[in-house]
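Here the structure is laid out as C-alpha cells; the discussion comes afterwards.
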Amino acid sequence: MSNNNGQKLAGKIAVITGGNSGIGLATAKRFVEEGAHVVMTGRREKELAETAAFIGRNVTTVAGDVSNLEDLDRLYAVVKEKHGHIDILFANAGAGTVGPLATATEAHFDKTFDVNVKGLFFTVQKALPLFKDGGSIILTSSGANVLGLPAFTAYAASKAAVRNFARGWTMELKDRKIRVNSMSPGPIETPALEKTTGLTVEQAEQAAAQFVSQVPLGRRGKPEEIAAAVVFLASDESSYITGVDLAVDGGMAQV
C-alpha cells in the first residue's frame, strides 16, 4: 500500500518476541499490512529468516532467547539503532510442556518460568527506555490463566502471572499513557502443540480434539484470528482499554 488509508498502525515501530511461527508470524504479517515496521526476535534463526522473507518488507529480525538478558539487550540495541523508539510491544514468546505435579522436574519448572515469566518481565522492562508515551504493550497470556489444566499447572501458573503483570504495569505506566493488556488465546492451529509440548503427533491430535470439545465455537482458532485481536489492542481502536485480558478462545475459558 502506498498510502496510509485505513492502515491502523501506519508508521508505528513494533517489537514482537516469539516471532518464528504461529501467532507471532501471523501478527508480524498483519502489523506490516497495517503500516508498521516490525523488529522481531525468536530462538530459531533459520525460521526467523524464512518469516522475514515471507512477509517481504519492513521486518528486521534478531535471533535470541527472551530468557537471556544479554539477548534482550542485543534486540533493543538493534531497535534503537534502526528506529530510535518503540510504539508497540507484543511480548508473545512462551513455552509450555506437559508436567504432572507428581513427576515434574525442576528443569521443567525453571524452563517454563524462565521464558514465560522472567523473560517476559525483562522484555518489557528493557523496552521502557525506548517506549514512546502513549504506546501499547500486549502480553500473551492464555486461557489457562483461569482454568485448572491437569499436567499443565506450571504453564497455567506462569500465564496467571502474565495476567497480573498487565494489571500492575497498567498502574506503573499510567502516567506515561502506555496501555498494557494481556491477550489469552485458546487452542490455536499452530505448530506449538506438536513441537514444544513433548507430545507425539497422535497425542497432540488427541489433546487438540479434547480442547475443541470444550470450545463453544467447536473448533481451534486460526493464528490470523489472534493477530486481528492483537492489532486491535495495538491500535488507537482500543485507546480507552488498559489492564484487560482479552480472551480469544472461542469461549473456552468463559463459560
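By convention in this document, the chains of the C-alpha cells carry letters A, B, ... by their order, each chain's residues are numbered from 1, and ligands are numbered from 1 in the order they are shown.
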Q.
Using only C-alpha atoms, which protein or nucleic acid residues come within 8 Å of stretch 22-25 of chain A? Drop anything in the same chain fewer than 3 positions from it, and give the result as a VMD selection string.
A. chain A and resid 16 to 19 28 to 29 51 92 189 to 192 223 to 224 226 to 227
Q: From a DSSP pass on the backbone, collect the residues of stretch 16-249 of chain A flagged as alpha helix (DSSP H) and hand them back as a PyMOL selection string.
A: chain A and resi 22-33+45-55+69-82+106-113+120-127+153-172+192-195+201-213+223-234
(Q) Under the rule that only C-alpha atoms are counted, which of A:Gln254, A:Thr60, A:Ser67, A:Ser213 is the nearest residue to A:Leu120? (A)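 With only C-alpha atoms as the atom set, the closest residue is A:Ser67.
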Q: For A:Leu128, list every protein, DNA or RNA residue within 10 Å, evaluated using only C-alpha atoms, and leave out those in the same chain fewer than 2 positions away; present the list as a list of chain:residue names.
A: A:His85, A:Ile86, A:Leu89, A:Phe122, A:Thr123, A:Val124, A:Gln125, A:Lys126, A:Leu130, A:Phe131, A:Lys132, A:Asp133, A:Leu173, A:Ile178
Could you save the residues just selected, with all heavy atoms, as a short mmCIF file (atom, residue, chain, number, x, y, z; two decimals), in the first residue's frame?
data_model
loop_
_atom_site.label_atom_id
_atom_site.label_comp_id
_atom_site.auth_asym_id
_atom_site.auth_seq_id
_atom_site.Cartn_x
_atom_site.Cartn_y
_atom_site.Cartn_z
N HIS A 85 13.02 4.33 18.62
CA HIS A 85 11.96 4.26 19.64
C HIS A 85 11.06 3.06 19.37
O HIS A 85 11.19 2.39 18.34
CB HIS A 85 11.13 5.55 19.65
CG HIS A 85 10.19 5.66 18.49
ND1 HIS A 85 10.58 6.18 17.27
CD2 HIS A 85 8.89 5.29 18.34
CE1 HIS A 85 9.55 6.13 16.43
NE2 HIS A 85 8.52 5.59 17.04
N ILE A 86 10.14 2.82 20.30
CA ILE A 86 9.14 1.75 20.17
C ILE A 86 7.76 2.35 20.43
O ILE A 86 7.58 3.13 21.38
CB ILE A 86 9.38 0.63 21.20
CG1 ILE A 86 10.76 -0.01 21.01
CG2 ILE A 86 8.29 -0.46 21.11
CD1 ILE A 86 11.15 -0.95 22.17
N LEU A 89 4.73 -3.05 21.72
CA LEU A 89 5.48 -4.26 22.07
C LEU A 89 4.48 -5.41 22.22
O LEU A 89 3.53 -5.31 23.00
CB LEU A 89 6.23 -4.07 23.38
CG LEU A 89 6.88 -5.32 23.99
CD1 LEU A 89 7.93 -5.94 23.07
CD2 LEU A 89 7.50 -5.01 25.36
N PHE A 122 11.46 -9.05 31.77
CA PHE A 122 12.60 -8.23 31.34
C PHE A 122 12.47 -7.77 29.89
O PHE A 122 13.04 -6.75 29.51
CB PHE A 122 13.92 -8.97 31.60
CG PHE A 122 14.24 -9.04 33.07
CD1 PHE A 122 14.05 -10.20 33.79
CD2 PHE A 122 14.66 -7.90 33.75
CE1 PHE A 122 14.31 -10.24 35.16
CE2 PHE A 122 14.92 -7.93 35.12
CZ PHE A 122 14.74 -9.10 35.82
N THR A 123 11.66 -8.49 29.09
CA THR A 123 11.33 -7.99 27.75
C THR A 123 10.67 -6.62 27.86
O THR A 123 10.98 -5.69 27.11
CB THR A 123 10.37 -8.97 27.02
OG1 THR A 123 11.05 -10.20 26.78
CG2 THR A 123 9.88 -8.40 25.71
N VAL A 124 9.75 -6.50 28.81
CA VAL A 124 9.04 -5.23 28.99
C VAL A 124 9.94 -4.20 29.68
O VAL A 124 10.04 -3.05 29.24
CB VAL A 124 7.73 -5.45 29.78
CG1 VAL A 124 7.05 -4.11 30.08
CG2 VAL A 124 6.79 -6.36 28.98
N GLN A 125 10.62 -4.62 30.75
CA GLN A 125 11.48 -3.66 31.46
C GLN A 125 12.48 -3.00 30.53
O GLN A 125 12.66 -1.78 30.53
CB GLN A 125 12.24 -4.38 32.59
CG GLN A 125 13.12 -3.42 33.40
CD GLN A 125 14.21 -4.16 34.18
OE1 GLN A 125 15.20 -4.59 33.62
NE2 GLN A 125 13.99 -4.32 35.48
N LYS A 126 13.15 -3.82 29.71
CA LYS A 126 14.23 -3.30 28.87
C LYS A 126 13.71 -2.51 27.66
O LYS A 126 14.47 -1.78 27.02
CB LYS A 126 15.15 -4.44 28.42
CG LYS A 126 16.00 -4.98 29.58
CD LYS A 126 16.79 -6.20 29.18
CE LYS A 126 17.70 -6.68 30.32
NZ LYS A 126 18.80 -5.74 30.61
N LEU A 130 13.00 2.98 25.52
CA LEU A 130 12.76 3.32 24.11
C LEU A 130 11.29 3.60 23.83
O LEU A 130 10.94 4.04 22.74
CB LEU A 130 13.21 2.15 23.22
CG LEU A 130 14.71 1.89 23.11
CD1 LEU A 130 14.97 0.58 22.37
CD2 LEU A 130 15.41 3.04 22.41
N PHE A 131 10.43 3.34 24.83
CA PHE A 131 8.99 3.41 24.58
C PHE A 131 8.49 4.84 24.48
O PHE A 131 8.80 5.67 25.31
CB PHE A 131 8.21 2.68 25.68
CG PHE A 131 7.29 1.64 25.14
CD1 PHE A 131 7.69 0.32 25.03
CD2 PHE A 131 6.02 1.98 24.69
CE1 PHE A 131 6.87 -0.65 24.49
CE2 PHE A 131 5.19 1.03 24.15
CZ PHE A 131 5.60 -0.30 24.05
N LYS A 132 7.69 5.10 23.46
CA LYS A 132 7.03 6.40 23.34
C LYS A 132 5.85 6.45 24.30
O LYS A 132 5.11 5.48 24.42
CB LYS A 132 6.52 6.59 21.91
CG LYS A 132 7.51 7.25 20.99
CD LYS A 132 6.79 7.92 19.83
CE LYS A 132 7.73 8.87 19.11
NZ LYS A 132 7.19 9.29 17.81
N ASP A 133 5.68 7.58 24.96
CA ASP A 133 4.49 7.75 25.79
C ASP A 133 3.26 7.57 24.90
O ASP A 133 3.26 7.96 23.73
CB ASP A 133 4.47 9.14 26.43
CG ASP A 133 5.54 9.28 27.52
OD1 ASP A 133 6.32 8.33 27.72
OD2 ASP A 133 5.59 10.34 28.17
N LEU A 173 2.59 2.38 34.59
CA LEU A 173 2.88 3.12 33.36
C LEU A 173 1.78 4.11 32.98
O LEU A 173 1.84 4.75 31.93
CB LEU A 173 3.11 2.14 32.19
CG LEU A 173 4.29 1.18 32.41
CD1 LEU A 173 4.36 0.14 31.30
CD2 LEU A 173 5.61 1.94 32.50
N ILE A 178 0.96 4.73 28.67
CA ILE A 178 1.25 3.46 27.99
C ILE A 178 0.21 2.44 28.46
O ILE A 178 0.05 2.21 29.65
CB ILE A 178 2.68 2.96 28.30
CG1 ILE A 178 3.72 3.92 27.71
CG2 ILE A 178 2.89 1.54 27.75
CD1 ILE A 178 5.15 3.60 28.11
#
(Q) as number ranges by chain, please: every residue in stretch 15-249 of chain A that DSSP puts in strand (DSSP E). (A) A: 15-17, 37-42, 59-63, 86-91, 131-140, 179-185, 245-248
Q: Between A:Ala144, A:Leu101, A:Asn116, A:Ala247, single out the one closest to A:Asn181, counting only C-alpha atoms.
A: A:Ala247
Q. Between A:Gly42, A:Gly143, A:Gly168, A:Pro100, which one has atoms that come closest to A:Thr242, using only C-alpha atoms?
A.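 Looking at the shortest contact to A:Thr242, the residue is A:Gly168.
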Q: Please measure the separation of atom CA of A:Phe109 and atom CA of A:Phe211, giving the value in Å to one decimal.
A: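 So the answer is 23.1 Å.
Close contacts of A:Asn68, defined as residues with an atom at most 9 Å away when counting only C-alpha atoms, with chain neighbours fewer than 6 positions off set aside, comprise Asp114, Val115 and Gly119 of chain A.
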For N, CA, C and O atoms, I'd like the residues from the last selection saved as a compact mmCIF listing (two decimals), in the first residue's frame.
# COMPACT_ATOMS: atom_id res chain seq x y z
N ASP A 114 11.27 -19.36 33.33
CA ASP A 114 12.32 -18.51 32.75
C ASP A 114 11.83 -17.81 31.49
O ASP A 114 12.11 -16.63 31.28
N VAL A 115 11.11 -18.53 30.65
CA VAL A 115 10.62 -17.93 29.40
C VAL A 115 9.35 -17.11 29.65
O VAL A 115 9.28 -15.93 29.31
N GLY A 119 11.44 -14.02 31.39
CA GLY A 119 11.73 -13.48 30.07
C GLY A 119 10.78 -12.37 29.68
O GLY A 119 11.19 -11.31 29.17
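The gap separating atom CA of A:Arg219 from atom CA of A:Ile137 is 28.3 Å, in Å to one decimal.
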Q) Restricting the calculation to only C-alpha atoms, which member of A:Phe90, A:Phe54, A:Phe232, A:Phe152 is positioned closest to A:Lys8? A) A:Phe232
Q.
I'd like the contact shell of A:Ser136 - 12 Å cut-off, only C-alpha atoms, skipping same-chain residues fewer than 5 positions apart - returned as an NGL selection string.
A. :A and (9 or 12-15 or 86-91 or 124 or 127-128 or 131 or 166 or 169-170 or 173-174 or 176-182 or 230-243)
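In terms of minimum interatomic distance to A:Val66, A:Phe121 ranks closest within A:Val215, A:Phe121, A:Ala228, A:Ala151, counting only C-alpha atoms.
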Shell around A:Arg163 at 10 Å using only C-alpha atoms, local window under 4 positions removed, as a short mmCIF file (atom, residue, chain, number, x, y, z; two decimals) with N, CA and C atoms, in the first residue's frame:
data_model
loop_
_atom_site.label_atom_id
_atom_site.label_comp_id
_atom_site.auth_asym_id
_atom_site.auth_seq_id
_atom_site.Cartn_x
_atom_site.Cartn_y
_atom_site.Cartn_z
N LEU A 139 0.65 -8.48 26.12
CA LEU A 139 1.32 -9.65 26.68
C LEU A 139 0.51 -10.90 26.32
N THR A 140 1.17 -11.94 25.84
CA THR A 140 0.44 -13.18 25.56
C THR A 140 0.31 -13.99 26.84
N SER A 141 -0.93 -14.09 27.32
CA SER A 141 -1.24 -14.98 28.44
C SER A 141 -1.85 -16.24 27.84
N SER A 142 -2.90 -16.76 28.43
CA SER A 142 -3.54 -17.98 27.93
C SER A 142 -4.84 -18.19 28.68
N ASN A 145 -4.86 -19.24 32.23
CA ASN A 145 -4.66 -18.38 33.41
C ASN A 145 -5.82 -18.46 34.40
N VAL A 146 -6.96 -19.03 33.96
CA VAL A 146 -8.08 -19.21 34.89
C VAL A 146 -8.58 -20.64 34.97
N ALA A 157 0.15 -21.51 35.79
CA ALA A 157 0.56 -20.54 36.81
C ALA A 157 1.41 -19.43 36.19
N SER A 158 2.27 -19.78 35.24
CA SER A 158 3.10 -18.76 34.59
C SER A 158 2.23 -17.80 33.81
N LYS A 159 1.16 -18.28 33.21
CA LYS A 159 0.28 -17.42 32.42
C LYS A 159 -0.62 -16.58 33.33
N ARG A 167 -2.02 -6.06 34.90
CA ARG A 167 -2.70 -5.20 35.88
C ARG A 167 -1.71 -4.23 36.56
N GLY A 168 -0.62 -4.81 37.06
CA GLY A 168 0.35 -3.98 37.81
C GLY A 168 1.03 -2.95 36.93
N ASN A 181 -2.11 -4.53 28.13
CA ASN A 181 -3.19 -5.51 28.15
C ASN A 181 -2.62 -6.91 27.92
N SER A 182 -3.33 -7.92 28.42
CA SER A 182 -2.94 -9.28 28.06
C SER A 182 -3.96 -9.83 27.07
N MET A 183 -3.53 -10.81 26.30
CA MET A 183 -4.37 -11.43 25.29
C MET A 183 -4.23 -12.93 25.50
N SER A 184 -5.36 -13.60 25.68
CA SER A 184 -5.32 -15.02 26.05
C SER A 184 -5.93 -15.90 24.97
N GLY A 243 -5.27 -2.72 30.99
CA GLY A 243 -5.39 -3.61 32.14
C GLY A 243 -6.30 -4.80 31.93
N VAL A 244 -6.83 -4.96 30.71
CA VAL A 244 -7.76 -6.08 30.49
C VAL A 244 -7.02 -7.34 30.05
N ASP A 245 -7.75 -8.45 30.11
CA ASP A 245 -7.30 -9.69 29.49
C ASP A 245 -8.31 -10.00 28.40
#
Q.
As an exercise, work out the distance from atom CA of A:Ile138 to atom CA of A:His83 in Å and give it to one decimal place.
A.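 Taking atom CA of A:Ile138 as the start and atom CA of A:His83 as the end point, the length is 19.7 Å.
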